Amino acid sequence: MRANTIARVYVETLLRRAEQEGVVESVTAGLAAFTQCLEEDERFRRFLEAPQITTRQKQAVIEEALGNQVHPLVIQFLRLVINRHREPLLPDIATTWGTILDERANQQTATITSATPIDRATVASLGQALEQATGKTIVIEENVRPDLLGGIVVQTGDLVMDASLKTRLGNLGRRLRSPHA
């Protein structure tokens with residue numbers, strides 16, 4: 001099975017349990033806190049993924065680090081993941097959690113990347129166009145990457161629309177170098 005398929009099975013199981021207990025928001029917050037730890041602390045992530053460290057040691061660190069900060073269901077879930085030696089899936093699990101919640105809310109995230117900040121009206125217009133195209137409520141994340149030189153790149157789901165100047169110049173350069181140009 002592929003990693004994202006396995007992650008989805010874990011997430012759906014956790015979500016069912018969280019819904020049964022009425023604690024979806026608390027679990028979401030707990031997973032977000034845990035994910036932030038993974039993203040910000042390279043040593044913590046490597047510790048969890050290290051096969052030479054025992055399951056008990058990993059579980060003890062999780063409980064000590066997060067025990068009073070996250071919902072007990074999150075701790076139980078992390079213990080299960082560690083028990084099954086699925087620690088490398090933790091980043092995929094966190095991403096999949098957000099994706100499934102978005103699917104259930106008929107939402108989709110769109111990332112708009114540009115060389116300079118985009119004005120609110122343009123962002124709103126892009127959001128409306130994406131909502132019409134997808135039939136979903138679009139949540140927009142904005143990124144600024146000066147290396148794009150100009151234009152924008154929009155990514156939503158598996159779809160990427162690249163209208164950046166960097167890509168256009170690269171394509172033009174390849175066509176000019178092509179012997180059939």
# chains A, B, ... in the order shown; residues from 1 in each chain; ligands from 1
$ residues_around --residues "Ile112 of chain A" --least-positions-apart "4" --cutoff "7 Å" --atoms "only C-alpha atoms" --output "compact mmCIF listing (two decimals) with C-alpha atoms, in the first residue's frame"
# COMPACT_ATOMS: atom_id res chain seq x y z
CA GLU A 141 -3.06 30.59 0.92
CA GLU A 142 -0.70 33.18 -0.47
CA ASN A 143 3.05 32.85 -0.93
CA ILE A 152 1.49 33.78 -10.62
CA VAL A 153 1.35 30.06 -9.92
CA VAL A 154 -1.96 28.65 -8.65
CA GLN A 155 -2.13 25.18 -7.16
$ residues_around --residues "Asn83 of chain A" --least-positions-apart "6" --cutoff "9 Å" --atoms "only C-alpha atoms" --output "list in words"
Thr55, Arg56 and Gln59 of chain A
$ write_last_selection --atoms "N, CA and C atoms" --output "tab-separated table (two decimals), in the first residue's frame"
chain	number	residue	atom	x	y	z
A	55	THR	N	10.03	1.67	21.10
A	55	THR	CA	8.66	2.17	21.07
A	55	THR	C	8.32	2.84	22.41
A	56	ARG	N	8.69	2.20	23.49
A	56	ARG	CA	8.39	2.77	24.82
A	56	ARG	C	9.05	4.12	25.02
A	59	GLN	N	7.12	6.67	22.97
A	59	GLN	CA	5.82	6.96	23.58
A	59	GLN	C	5.97	7.82	24.84
$ residues_around --residues "Ala65 of chain A" --least-positions-apart "6" --cutoff "12 Å" --atoms "only C-alpha atoms" --output "list in words"
Gly30, Ala33, Phe34, Cys37, Leu38, Phe44, Lys58, Gln59 and Ile75 of chain A
$ closest_atom_pairs --of "segment 142-164 of chain A" --to "segment 170-173 of chain A" --cutoff "12 Å" --atoms "only C-alpha atoms" --output "CSV"
residue,atom,partner,partner_atom,distance
A:Leu148,CA,A:Gly170,CA,11.0
A:Leu149,CA,A:Gly170,CA,11.7
A:Asp162,CA,A:Asn171,CA,11.6
A:Ala163,CA,A:Asn171,CA,11.3
A:Ser164,CA,A:Gly170,CA,10.0
$ residues_around --residues "Gln76 of chain A" --least-positions-apart "4" --cutoff "12 Å" --atoms "only C-alpha atoms" --output "JSON, numbers by chain"
{"A": [14, 17, 18, 27, 30, 31, 59, 60, 62, 63, 66, 67, 70, 71, 72, 80, 81, 82, 83]}
$ atom_distance --atom1 "atom CA of Arg84 of chain A" --atom2 "atom CA of Asp102 of chain A"
27.0 Å
$ residues_around --residues "Val11 of chain A" --least-positions-apart "4" --cutoff "12 Å" --atoms "only C-alpha atoms" --output "VMD selection string"
chain A and resid 4 to 7 15 to 19 24 27 to 28 31 74 77 to 78 80 to 81 89 to 101
$ select_by_dssp --residues "chain A" --states "strand (DSSP E)" --output "list of chain:residue names"
A:Gln107, A:Gln108, A:Thr109, A:Ala110, A:Thr111, A:Ile112, A:Thr113, A:Ser114, A:Thr137, A:Ile138, A:Val139, A:Ile140, A:Glu141, A:Glu142, A:Asn143, A:Val144, A:Gly151, A:Ile152, A:Val153, A:Val154, A:Gln155, A:Thr156, A:Leu159, A:Val160, A:Met161, A:Asp162, A:Ala163, A:Ser164
$ write_last_selection --atoms "C-alpha atoms" --output "short mmCIF file (atom, residue, chain, number, x, y, z; two decimals), in the first residue's frame"
data_model
loop_
_atom_site.label_atom_id
_atom_site.label_comp_id
_atom_site.auth_asym_id
_atom_site.auth_seq_id
_atom_site.Cartn_x
_atom_site.Cartn_y
_atom_site.Cartn_z
CA GLN A 107 -13.57 23.05 0.82
CA GLN A 108 -10.35 23.04 -1.11
CA THR A 109 -7.15 24.92 -0.48
CA ALA A 110 -5.63 26.91 -3.31
CA THR A 111 -2.10 28.21 -3.03
CA ILE A 112 -1.38 31.36 -4.99
CA THR A 113 2.31 32.10 -5.37
CA SER A 114 3.53 35.35 -6.88
CA THR A 137 -15.41 26.71 -1.24
CA ILE A 138 -11.83 27.81 -1.83
CA VAL A 139 -9.50 28.67 1.03
CA ILE A 140 -6.63 30.71 -0.33
CA GLU A 141 -3.06 30.59 0.92
CA GLU A 142 -0.70 33.18 -0.47
CA ASN A 143 3.05 32.85 -0.93
CA VAL A 144 5.55 35.35 -2.26
CA GLY A 151 3.02 36.38 -12.92
CA ILE A 152 1.49 33.78 -10.62
CA VAL A 153 1.35 30.06 -9.92
CA VAL A 154 -1.96 28.65 -8.65
CA GLN A 155 -2.13 25.18 -7.16
CA THR A 156 -5.30 23.51 -5.98
CA LEU A 159 -3.95 21.01 -10.59
CA VAL A 160 -1.12 23.49 -11.10
CA MET A 161 -1.54 26.54 -13.33
CA ASP A 162 1.82 28.19 -13.88
CA ALA A 163 1.66 31.63 -15.45
CA SER A 164 4.94 32.83 -13.96
#
